[in-house]
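Listing of structure29.csv; format and content: CSV, C-alpha atoms.
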chain,number,residue,atom,x,y,z
A,1,MET,CA,144.1,105.3,155.5
A,2,ASN,CA,145.5,107.5,158.2
A,3,PHE,CA,142.5,109.8,157.8
A,4,ILE,CA,140.0,107.0,158.4
A,5,GLU,CA,142.0,105.6,161.3
A,6,ARG,CA,142.2,109.0,163.0
A,7,ASN,CA,138.5,109.8,162.5
A,8,LYS,CA,136.8,106.4,163.1
A,9,THR,CA,134.5,107.7,165.8
A,10,LYS,CA,133.4,110.8,163.8
A,11,LEU,CA,132.8,108.7,160.7
A,12,VAL,CA,130.6,106.2,162.6
A,13,ILE,CA,128.6,109.1,164.1
A,14,LEU,CA,128.2,110.7,160.7
A,15,LEU,CA,127.1,107.5,159.1
A,16,VAL,CA,124.5,107.0,161.8
A,17,ALA,CA,123.5,110.6,161.9
A,18,VAL,CA,122.7,111.0,158.2
A,19,PRO,CA,120.1,108.2,158.0
A,20,LEU,CA,118.5,109.5,161.3
A,21,LEU,CA,118.4,113.1,159.8
A,22,ILE,CA,116.7,111.8,156.7
A,23,LEU,CA,114.2,109.9,158.9
A,24,TYR,CA,113.5,113.0,161.0
A,25,THR,CA,113.2,115.3,157.9
A,26,PHE,CA,110.9,113.0,155.9
A,27,PRO,CA,109.1,110.8,158.5
A,28,LYS,CA,105.9,110.3,156.4
A,29,THR,CA,107.9,109.2,153.3
A,30,ILE,CA,109.9,106.8,155.3
A,31,VAL,CA,106.9,105.3,157.0
A,32,TYR,CA,105.2,105.0,153.7
A,33,ILE,CA,108.1,103.1,152.2
A,34,PHE,CA,108.3,100.7,155.1
A,35,THR,CA,104.6,100.0,155.3
A,36,ASP,CA,103.9,99.8,151.6
A,37,LEU,CA,105.0,96.2,151.2
A,38,SER,CA,103.2,96.0,147.8
A,39,ASP,CA,106.5,97.0,146.2
A,40,GLU,CA,109.2,94.9,148.0
A,41,PHE,CA,111.9,96.0,145.5
A,42,ILE,CA,111.5,99.7,146.5
A,43,THR,CA,111.6,98.8,150.1
A,44,LEU,CA,114.7,96.6,149.7
A,45,LEU,CA,116.4,99.3,147.6
A,46,PHE,CA,115.7,101.9,150.3
A,47,LEU,CA,117.1,99.8,153.1
A,48,MET,CA,120.3,99.2,151.1
A,49,VAL,CA,120.8,102.9,150.5
A,50,PHE,CA,119.9,103.7,154.1
A,51,PHE,CA,122.3,101.3,155.8
A,52,LEU,CA,124.9,100.6,153.1
A,53,PRO,CA,127.4,103.3,154.2
A,54,ILE,CA,127.5,101.9,157.7
A,55,ILE,CA,128.0,98.4,156.4
A,56,PHE,CA,130.6,99.5,154.0
A,57,TYR,CA,132.6,101.4,156.7
A,58,PHE,CA,132.8,98.3,158.9
A,59,ILE,CA,133.8,96.0,156.0
A,60,TYR,CA,136.5,98.5,155.0
A,61,ASN,CA,137.8,98.7,158.5
A,62,LEU,CA,138.1,94.9,158.8
A,63,TYR,CA,139.7,94.8,155.4
A,64,THR,CA,142.4,97.4,156.1
A,65,LYS,CA,143.3,95.8,159.4
A,66,LYS,CA,143.7,92.4,157.8
A,67,LYS,CA,145.7,93.8,154.9
A,68,ARG,CA,148.0,95.7,157.2
A,69,LEU,CA,148.8,92.5,159.2
A,70,ILE,CA,149.5,90.7,155.9
A,71,ASP,CA,151.8,93.5,154.7
A,72,LEU,CA,153.7,93.6,158.0
A,73,LYS,CA,154.2,89.9,158.0
A,74,GLU,CA,155.6,90.1,154.5
A,75,TYR,CA,157.8,93.0,155.5
A,76,ALA,CA,159.1,91.0,158.5
A,77,GLU,CA,160.0,88.1,156.4
A,78,LYS,CA,161.7,90.2,153.7
A,79,HIS,CA,163.7,92.3,156.2
A,80,ASN,CA,164.6,89.5,158.7
A,81,TYR,CA,162.2,90.5,161.5
A,82,ASP,CA,160.1,88.5,163.9
A,83,PHE,CA,156.5,89.8,163.9
A,84,TYR,CA,154.2,89.9,167.0
A,85,GLU,CA,150.7,91.2,166.5
A,86,ASN,CA,150.1,91.4,170.2
A,87,PRO,CA,153.5,91.6,172.0
A,88,ASN,CA,153.7,90.7,175.7
A,89,GLN,CA,154.6,93.1,178.5
A,90,GLU,CA,158.3,92.0,178.6
A,91,GLN,CA,158.7,92.7,174.9
A,92,ILE,CA,157.4,96.2,175.0
A,93,SER,CA,158.9,97.2,178.4
A,94,ILE,CA,161.8,98.9,176.6
A,95,PHE,CA,159.4,101.4,175.0
A,96,ARG,CA,157.8,102.4,178.3
A,97,LYS,CA,161.0,104.2,179.4
A,98,PHE,CA,160.5,107.2,177.2
A,99,LYS,CA,158.7,110.4,178.3
A,100,SER,CA,156.8,110.8,175.1
A,101,MET,CA,154.9,107.6,175.5
A,102,GLY,CA,152.4,109.5,177.7
A,103,THR,CA,151.4,111.4,174.6
A,104,ILE,CA,151.7,108.9,171.7
A,105,ASN,CA,150.6,105.8,173.6
A,106,ASP,CA,148.3,107.1,176.4
A,107,GLN,CA,146.1,104.0,175.9
A,108,ASN,CA,149.1,101.9,176.9
A,109,LYS,CA,148.4,99.5,174.1
A,110,PHE,CA,151.4,98.5,172.0
A,111,PHE,CA,150.8,96.2,169.0
A,112,ASN,CA,152.3,95.1,165.7
A,113,LEU,CA,155.9,94.7,167.0
A,114,LEU,CA,158.7,94.0,164.7
A,115,VAL,CA,162.0,92.7,166.3
A,116,PRO,CA,165.1,92.3,164.1
A,117,LYS,CA,166.3,88.7,164.2
A,118,ASP,CA,170.0,89.6,164.1
A,119,ASP,CA,169.4,92.0,167.1
A,120,ASN,CA,172.0,94.5,166.2
A,121,GLN,CA,172.2,98.3,166.5
A,122,THR,CA,171.7,99.0,162.8
A,123,LYS,CA,168.0,98.0,162.6
A,124,PRO,CA,165.2,99.4,164.8
A,125,LEU,CA,162.5,97.7,166.8
A,126,ILE,CA,159.2,98.9,165.3
A,127,VAL,CA,155.9,99.1,167.2
A,128,THR,CA,152.6,101.0,167.1
A,129,GLY,CA,151.1,103.0,169.9
A,130,LYS,CA,147.6,104.2,170.4
A,131,SER,CA,146.2,107.5,171.9
A,132,LYS,CA,142.8,108.9,172.4
A,133,ILE,CA,142.5,112.7,172.1
A,134,ALA,CA,139.4,114.3,173.5
A,135,ALA,CA,137.7,117.1,171.5
A,136,GLY,CA,134.6,118.4,173.3
A,137,GLU,CA,132.1,115.6,173.7
A,138,HIS,CA,133.9,113.4,171.2
A,139,SER,CA,137.3,111.9,170.9
A,140,THR,CA,139.6,110.8,168.1
A,141,ILE,CA,141.9,107.8,168.0
A,142,TYR,CA,145.5,108.3,166.8
A,143,TYR,CA,148.2,105.7,166.0
A,144,THR,CA,151.9,106.4,166.0
A,145,GLN,CA,154.5,104.0,164.6
A,146,ILE,CA,157.7,104.1,166.7
A,147,PHE,CA,161.2,103.2,165.7
A,148,LEU,CA,163.6,102.3,168.5
A,149,TYR,CA,167.4,101.9,168.1
A,150,LYS,CA,169.3,100.1,170.8
A,151,ASN,CA,172.6,101.5,172.0
A,152,ASN,CA,175.2,99.9,174.3
A,153,THR,CA,176.7,103.2,175.6
A,154,GLU,CA,175.3,105.9,177.8
A,155,ILE,CA,174.1,109.0,175.9
A,156,PRO,CA,172.5,112.3,177.1
A,157,LYS,CA,168.8,112.3,177.7
A,158,PHE,CA,166.9,114.7,175.4
A,159,PHE,CA,163.7,115.1,173.5
A,160,ILE,CA,163.2,116.9,170.1
A,161,LYS,CA,159.6,117.6,169.4
A,162,ARG,CA,158.2,119.0,166.2
A,163,LYS,CA,156.3,122.3,166.5
A,164,THR,CA,152.8,122.7,165.2
A,165,TRP,CA,151.4,126.0,164.0
A,166,PHE,CA,149.7,126.3,167.4
A,167,ASP,CA,153.1,125.9,169.1
A,168,SER,CA,154.7,128.5,166.9
A,169,TYR,CA,151.8,131.0,167.5
A,170,TYR,CA,152.1,130.7,171.3
A,171,GLY,CA,155.9,130.6,171.3
A,172,ASP,CA,157.5,130.5,174.8
A,173,ARG,CA,154.2,129.7,176.5
A,174,ALA,CA,153.8,126.5,174.4
A,175,GLU,CA,157.4,125.6,175.1
A,176,LEU,CA,156.9,126.0,178.8
A,177,ASN,CA,153.8,123.9,178.8
A,178,GLU,CA,155.4,121.1,176.9
A,179,SER,CA,158.5,121.2,179.2
A,180,LYS,CA,156.2,120.8,182.3
A,181,LYS,CA,154.3,118.1,180.6
A,182,ILE,CA,157.3,115.9,179.9
A,183,GLY,CA,159.3,116.9,182.9
A,184,ILE,CA,162.5,118.0,181.1
A,185,ALA,CA,163.8,121.6,180.9
A,186,THR,CA,164.1,123.6,177.7
A,187,TYR,CA,167.6,123.9,176.3
A,188,LYS,CA,168.8,126.9,174.3
A,189,PHE,CA,171.7,126.3,172.0
A,190,LYS,CA,174.7,128.6,172.5
A,191,LYS,CA,177.2,127.5,169.9
A,192,LYS,CA,175.1,125.8,167.2
A,193,GLU,CA,172.2,126.9,165.0
A,194,PHE,CA,169.5,124.4,166.0
A,195,PRO,CA,166.3,125.0,164.0
A,196,ARG,CA,164.2,126.3,167.0
A,197,SER,CA,161.5,127.7,164.6
A,198,LYS,CA,160.4,124.2,163.8
A,199,TYR,CA,161.5,122.1,166.8
A,200,PHE,CA,161.4,122.2,170.5
A,201,PHE,CA,164.6,120.9,172.2
A,202,PHE,CA,164.4,119.7,175.8
A,203,CYS,CA,167.5,118.5,177.7
A,204,GLU,CA,169.2,119.0,181.1
A,205,SER,CA,172.7,117.8,180.1
A,206,PRO,CA,175.3,120.7,180.1
A,207,ASN,CA,177.3,118.8,177.4
A,208,ILE,CA,174.5,118.2,175.0
A,209,GLU,CA,176.0,120.5,172.3
A,210,ASN,CA,179.0,118.3,172.1
A,211,PHE,CA,176.8,115.3,171.5
A,212,ILE,CA,174.4,116.9,168.9
A,213,SER,CA,176.6,117.0,165.8
A,214,ASN,CA,176.6,119.5,163.0
A,215,LYS,CA,175.7,116.7,160.6
A,216,PHE,CA,172.6,115.9,162.6
A,217,ILE,CA,171.4,119.6,162.5
A,218,GLU,CA,172.2,119.7,158.8
A,219,LEU,CA,169.9,116.7,158.2
A,220,LEU,CA,167.1,118.3,160.2
A,221,ASN,CA,167.4,121.5,158.2
A,222,THR,CA,167.5,119.6,154.9
A,223,GLY,CA,164.1,118.0,155.8
A,224,ILE,CA,162.7,121.4,156.7
A,225,ASN,CA,164.0,123.0,153.5
A,226,ARG,CA,162.5,120.2,151.4
A,227,LYS,CA,159.2,120.6,153.3
A,228,LYS,CA,159.3,117.1,154.6
A,229,ALA,CA,157.2,116.0,157.5
A,230,LEU,CA,158.7,117.0,160.9
A,231,ILE,CA,159.7,114.1,163.2
A,232,ASN,CA,160.2,113.6,166.9
A,233,ILE,CA,163.3,112.1,168.5
A,234,GLU,CA,163.9,111.1,172.1
A,235,SER,CA,166.8,109.6,174.1
A,236,ASN,CA,166.2,107.9,177.4
A,237,GLY,CA,169.9,107.9,178.2
A,238,THR,CA,170.6,104.6,176.5
A,239,ASN,CA,168.3,104.1,173.5
A,240,LEU,CA,166.8,106.4,170.8
A,241,ILE,CA,163.3,106.5,169.4
A,242,PHE,CA,162.2,108.3,166.2
A,243,TYR,CA,158.6,108.8,165.0
A,244,LYS,CA,156.3,110.9,163.0
A,245,GLN,CA,153.6,111.8,165.5
A,246,TRP,CA,150.1,110.5,164.7
A,247,SER,CA,151.1,108.4,161.8
A,248,ARG,CA,151.8,104.8,160.9
A,249,HIS,CA,153.3,104.1,157.6
A,250,SER,CA,152.7,102.1,154.4
A,251,ILE,CA,155.4,99.5,153.7
A,252,LYS,CA,157.0,101.9,151.2
A,253,SER,CA,157.1,104.7,153.7
A,254,MET,CA,158.5,102.3,156.4
A,255,ASN,CA,161.5,101.8,154.2
A,256,PHE,CA,161.9,105.5,153.7
A,257,TYR,CA,161.7,106.3,157.4
A,258,THR,CA,163.9,103.4,158.5
A,259,ASN,CA,166.6,104.7,156.2
A,260,LEU,CA,166.1,108.3,157.4
A,261,PHE,CA,166.2,107.4,161.1
A,262,ARG,CA,169.2,105.2,160.6
A,263,VAL,CA,171.1,108.1,159.0
A,264,LEU,CA,170.0,110.5,161.8
A,265,LYS,CA,171.1,108.0,164.4
A,266,GLU,CA,174.5,107.4,162.8
A,267,SER,CA,175.1,111.2,162.7
A,268,LEU,CA,174.9,111.1,166.5
A,269,ILE,CA,176.2,107.6,167.3
A,270,LYS,CA,178.6,105.7,165.1
Now, as a test, write the supplied structure out as structure tokens.
Amino acid sequence: MNFIERNKTKLVILLVAVPLLILYTFPKTIVYIFTDLSDEFITLLFLMVFFLPIIFYFIYNLYTKKKRLIDLKEYAEKHNYDFYENPNQEQISIFRKFKSMGTINDQNKFFNLLVPKDDNQTKPLIVTGKSKIAAGEHSTIYYTQIFLYKNNTEIPKFFIKRKTWFDSYYGDRAELNESKKIGIATYKFKKKEFPRSKYFFFCESPNIENFISNKFIELLNTGINRKKALINIESNGTNLIFYKQWSRHSIKSMNFYTNLFRVLKESLIK
């Protein structure tokens, strides 16, 4: 499902391009089929084969969107959440205070918001952001599901970002570019063995190493050693967000990531 979501534009172009390519390659055959109405069955069969992939794509797209809404509503009921398909500006204002929103939600369109009814610090607010990434003449839509944990006390501002193979290849240059992009300086750990080969760490607080616990670092390393997906974490000085970039999860995966993020959060804030 994530593959189709990320590549909607490319798939539509492909589904349109293939019939046009066939038309261009075999123009006389196509014209003959359309004009030879003596065999209506062959004409109808051809039209179905010609346009069926496009029709199927749009039907599948509508189906997956509707199914996801049903699944999220059931998840909300089961786990004591209120569900808002299209939250208002006040409801999503808390998410706008994070630097990484410029990347994972550059379309400024939050949707499918889950708000815990008990409104405590043990359960996250969950929302989906949308970004459009240009690639030459085309662009690709990416969705990211974001988990926000409220916190009543002040904490250091920081941003932990997973490294791609591209980031690892360009090393310090990639780190500098990312630092400029989000407006937070890079921090180099002096006392603790933070996994810099897999994660960027941005922070301007001189006391950050006292805040980042050994348990937290151990959990990150456990995920790396088990070859689990790398995640991103950001603090805006009050609250924490966790997310797997360019991914929104199945209901089963939501349970997994909610538990993972809760454990990570509790390793920093009891």
Taking a cut-off of 10 Å and counting all atoms listed in the file, can you build a table that, for each residue of segment 105-205 of chain A near segment 257-264 of chain A, reports the nearest atom pair and how far apart they are in Å (one decimal), sorted by chain then residue number, as a Markdown table?
| residue | atom | partner | partner_atom | distance |
| --- | --- | --- | --- | --- |
| A:Gln121 | CA | A:Arg262 | CA | 9.6 |
| A:Thr122 | CA | A:Arg262 | CA | 7.0 |
| A:Lys123 | CA | A:Arg262 | CA | 7.6 |
| A:Pro124 | CA | A:Thr258 | CA | 7.6 |
| A:Ile126 | CA | A:Thr258 | CA | 9.4 |
| A:Phe147 | CA | A:Thr258 | CA | 7.7 |
| A:Leu148 | CA | A:Phe261 | CA | 9.4 |
| A:Tyr149 | CA | A:Arg262 | CA | 8.4 |
Determine, counting all atoms listed in the file, which protein, DNA and RNA residues have an atom within 8 Å of an atom of Tyr84 of chain A; residues of the same chain fewer than 5 positions away are not included. Present the result as an mmCIF file with C-alpha atoms, in the frame of the given file.
data_model
loop_
_atom_site.group_PDB
_atom_site.id
_atom_site.type_symbol
_atom_site.label_atom_id
_atom_site.label_comp_id
_atom_site.auth_asym_id
_atom_site.auth_seq_id
_atom_site.Cartn_x
_atom_site.Cartn_y
_atom_site.Cartn_z
ATOM 1 C CA PHE A 111 150.800 96.200 169.000
ATOM 2 C CA ASN A 112 152.300 95.100 165.700
ATOM 3 C CA LEU A 113 155.900 94.700 167.000
ATOM 4 C CA LEU A 114 158.700 94.000 164.700
#
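Between atom CA of Ala76 of chain A and atom CA of Glu234 of chain A the interatomic distance comes to 24.7 Å.
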Atom pair atom CA of Leu69 of chain A + atom CA of Asn151 of chain A, distance 28.5 Å
Using all atoms listed in the file, which of the listed residues (A:Lys109, A:Lys244, A:Lys190, A:Lys67) sits closest to Asn88 of chain A?
->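 Nearest candidate to Asn88 of chain A out of A:Lys109, A:Lys244, A:Lys190, A:Lys67: A:Lys109.
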Looking at only C-alpha atoms, which of A:Tyr170, A:Tyr63, A:Trp165, A:Phe110 is the one that sits closest to Glu90 of chain A?
->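 The shortest atom-to-atom distance to Glu90 of chain A comes from A:Phe110.
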For Thr153 of chain A, which residue among A:Asn214, A:Thr186, A:Ile231, A:Leu240 is the nearest when counting only C-alpha atoms?
-> A:Leu240
Rank A:Trp246, A:Phe159, A:Tyr169, A:Phe211 by their smallest atom-to-atom distance to Tyr187 of chain A, using only C-alpha atoms, and report the top residue only.
->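 Smallest distance to Tyr187 of chain A is found for A:Phe159.
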Looking at all atoms listed in the file, which of A:Gln145, A:Ser213, A:Asn80, A:Asn239 is the one that sits closest to Val127 of chain A?
->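 For Val127 of chain A, the nearest of the given residues is A:Gln145.
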Work out how far apart atom CA of Ser131 of chain A and atom CA of Asp106 of chain A are and give it in Å to one decimal.
-> 5.0 Å
